[in-house]
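J.: Structure below; questions to follow.
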Amino acid sequence: MSVKTVLVGTILVLYAVLTFFRVQVFHDDLALWTDAVSKAPCFERPLARIAMAHEALGHKDEAILGWQRLLDLKLDGRCGPR
Amino acid sequence: MRTSVIAGLFALLMVAYLPLWSNGFVYEDWNLFSHAGPKWGALAGLKPTGELTMASWDLQRGNKPFPDPRLAHGINLALHVVVGLLAGFLALRLEWPLPWLVTGVIWLHPLNVEAVAYGSGRGELLVAVGLLMSALAVTVQGWRRRIGLLAGAWLAMHAKPNGIVVFGIVPLVWWYQTREQRAWRTQWFPSWAVTVFAVAVLIELPLVLLFANAWNVENGVGMTWWRWVSSESTAFLRLIGMVVVPLGQNIDFDYASVPQWWQTTCVGIVVWMVAMVWACRKRLPEATFIFGWLLIVIAPRFFVKVPLSVLNEHHWYPAMVGMAFWCPACIDRWLTPKTLKSR
């Protein structure tokens, strides 16, 4: 078995590992949008989706906190000009 | 040897998608799989194949508001397996190097997860099956060609409106198979391909590292045509880059946060790619086939403006078939003995 064949195999295994972890992000709405917010903290839509996911689960306090976080983001301008 | 490699890849695929069986529904799946919500939105009449795959839900769920997610995920995963096998078989028919690697890349690449694990990706999976059936039909003769072309085109076009690209893919495969045979310029291929991908990765990395934290407006709202084309071009190059470096995967990437000058540069690169695809058609038909597939599959998205839906990872699934052909073409030069390269 050549070095390059091993290299191709390693890349495929690496892809499989990344796939394994990526599939877990789609476990539920909360996991999905938490992942999205972690990668784009200033994007409004994922923040709103997290709050909505909490609402759907009946987590009222967390939902209110989620909406508050979105409101703060819009008001304090930390992420740049509107 | 080939069977054992495919079996090994299949085992790897099953392990990689193991968490899928504990996943529920996410985002638009709730509308898609509910009794009350619109199953396919405003375009319901244009997606009857997808509707057909949903028919089992009504039988299976009984009085429950939602079906068992495992059935939805299982069907998506089965379609994903079929796509990988069909693509490998197409590679075999086209005498492509290392056809098993085409299957492996499709099955295992993390960029395909969104189409498989997200119920709404069903349409893209079906489009890919239809495209590959039609492409395979081109490589056979007689009644099998006619039946295959008709069945594949019907499936692709009825799965999603973008299935219409089957009318571009079929001539591309036909051209590739009947092209005038010339000496391979294999030594050119890696350098050309590496250039394209290096450019794409250079576009992708700043998106992940810099612009993801910038302020934004909602995607698609009040977008001009130029803004739309430049966003799509940025998304197109970002996704090509992510094939090589699957970094920063996100179900809802904020393209509106990317500076307009950067997006304009991306339009220029896409135009350059189109020119290269045409220029390479005689000396480097493999490159024209791969990037021609990409551009044909994505082309409708440059002309049809879909609010709040810039090209994303599950839209990319049919294009990923073309990308999977790129990998073995590049490493062919490494793995093939020198004596075989002069074919």
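Please note that chains go A, B, ... in the order of the structure tokens, that every chain numbers its residues from 1, and that ligands are numbered from 1 in the order shown.
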Just want the 8 Å neighbourhood of region 31-37 of chain A, counted on only C-alpha atoms, with same-chain residues fewer than 4 positions away dropped. Output as a VMD selection string.
T.: (chain A and resid 25 to 27 41 to 43 46 to 47 49 to 50) or (chain B and resid 26 250 to 253)
J.: Selection from above, N, CA and C atoms, as a PDB file, in the first residue's frame, can you write it?
T.:
ATOM      1  N   VAL A  25     -25.117  18.269  15.017  1.00  0.00           N
ATOM      2  CA  VAL A  25     -25.617  19.657  15.057  1.00  0.00           C
ATOM      3  C   VAL A  25     -27.096  19.693  14.682  1.00  0.00           C
ATOM      4  N   PHE A  26     -27.526  18.717  13.886  1.00  0.00           N
ATOM      5  CA  PHE A  26     -28.924  18.681  13.428  1.00  0.00           C
ATOM      6  C   PHE A  26     -29.822  17.899  14.395  1.00  0.00           C
ATOM      7  N   HIS A  27     -29.367  17.739  15.633  1.00  0.00           N
ATOM      8  CA  HIS A  27     -30.139  16.959  16.601  1.00  0.00           C
ATOM      9  C   HIS A  27     -31.498  17.584  16.877  1.00  0.00           C
ATOM     10  N   PRO A  41     -22.261  35.520  15.406  1.00  0.00           N
ATOM     11  CA  PRO A  41     -22.932  36.060  16.600  1.00  0.00           C
ATOM     12  C   PRO A  41     -23.759  37.317  16.342  1.00  0.00           C
ATOM     13  N   CYS A  42     -23.515  37.971  15.216  1.00  0.00           N
ATOM     14  CA  CYS A  42     -24.251  39.223  14.956  1.00  0.00           C
ATOM     15  C   CYS A  42     -25.410  39.032  13.987  1.00  0.00           C
ATOM     16  N   PHE A  43     -25.670  37.817  13.564  1.00  0.00           N
ATOM     17  CA  PHE A  43     -26.750  37.571  12.617  1.00  0.00           C
ATOM     18  C   PHE A  43     -28.045  37.424  13.416  1.00  0.00           C
ATOM     19  N   PRO A  46     -30.535  33.657  13.386  1.00  0.00           N
ATOM     20  CA  PRO A  46     -30.281  32.529  14.298  1.00  0.00           C
ATOM     21  C   PRO A  46     -30.608  32.857  15.751  1.00  0.00           C
ATOM     22  N   LEU A  47     -30.337  34.120  16.162  1.00  0.00           N
ATOM     23  CA  LEU A  47     -30.665  34.515  17.538  1.00  0.00           C
ATOM     24  C   LEU A  47     -32.175  34.417  17.778  1.00  0.00           C
ATOM     25  N   ARG A  49     -34.179  32.521  16.148  1.00  0.00           N
ATOM     26  CA  ARG A  49     -34.554  31.093  16.086  1.00  0.00           C
ATOM     27  C   ARG A  49     -34.274  30.370  17.410  1.00  0.00           C
ATOM     28  N   ILE A  50     -33.198  30.778  18.097  1.00  0.00           N
ATOM     29  CA  ILE A  50     -32.913  30.171  19.412  1.00  0.00           C
ATOM     30  C   ILE A  50     -34.042  30.506  20.379  1.00  0.00           C
TER      31      ILE A  50
ATOM     32  N   VAL B  26     -35.760  19.656  12.461  1.00  0.00           N
ATOM     33  CA  VAL B  26     -35.236  21.005  12.700  1.00  0.00           C
ATOM     34  C   VAL B  26     -35.797  21.983  11.675  1.00  0.00           C
ATOM     35  N   ASN B 250     -22.346  26.227   8.294  1.00  0.00           N
ATOM     36  CA  ASN B 250     -23.396  26.964   8.984  1.00  0.00           C
ATOM     37  C   ASN B 250     -24.677  26.864   8.169  1.00  0.00           C
ATOM     38  N   ILE B 251     -25.778  26.528   8.808  1.00  0.00           N
ATOM     39  CA  ILE B 251     -27.034  26.386   8.071  1.00  0.00           C
ATOM     40  C   ILE B 251     -27.512  27.723   7.519  1.00  0.00           C
ATOM     41  N   ASP B 252     -27.057  28.826   8.103  1.00  0.00           N
ATOM     42  CA  ASP B 252     -27.576  30.131   7.698  1.00  0.00           C
ATOM     43  C   ASP B 252     -26.438  31.140   7.658  1.00  0.00           C
ATOM     44  N   PHE B 253     -25.579  30.996   6.681  1.00  0.00           N
ATOM     45  CA  PHE B 253     -24.432  31.905   6.591  1.00  0.00           C
ATOM     46  C   PHE B 253     -24.914  33.296   6.195  1.00  0.00           C
TER      47      PHE B 253
END
J.: Select from chain A everything DSSP, run on the backbone, classes as helix (DSSP H, G or I), then give the selection as number ranges by chain.
T.: A: 3-25, 29-39, 44-57, 60-76
J.: I need the chain A residues near chain B as a list in words; criterion: at most 7 Å, counting only C-alpha atoms.
T.: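 Listing them in order of chain and number gives Lys4, Leu12, Tyr15, Ala16, Val17, Leu18, Thr19, Phe20, Arg22, Val23, Gln24, Phe26, His27, Asp28, Asp29, Ala36, Lys39, Ala40, Pro41, Cys42, Phe43, Cys79, Gly80 and Pro81 of chain A.
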J.: Taking only C-alpha atoms into account, name the residue in A:Val8, A:Ala48, A:Val3, A:Val13 that is nearest to Glu62 (chain A).
T.: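 Of all the options, A:Ala48 lies closest to Glu62 (chain A).
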J.: Choose the residue, out of A:Ile11, A:Val6, A:Leu30, A:Ala51, that has the smallest atom-to-atom separation from Gln68 (chain A); count only C-alpha atoms.
T.: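 The answer is A:Ala51, which sits nearest to Gln68 (chain A).
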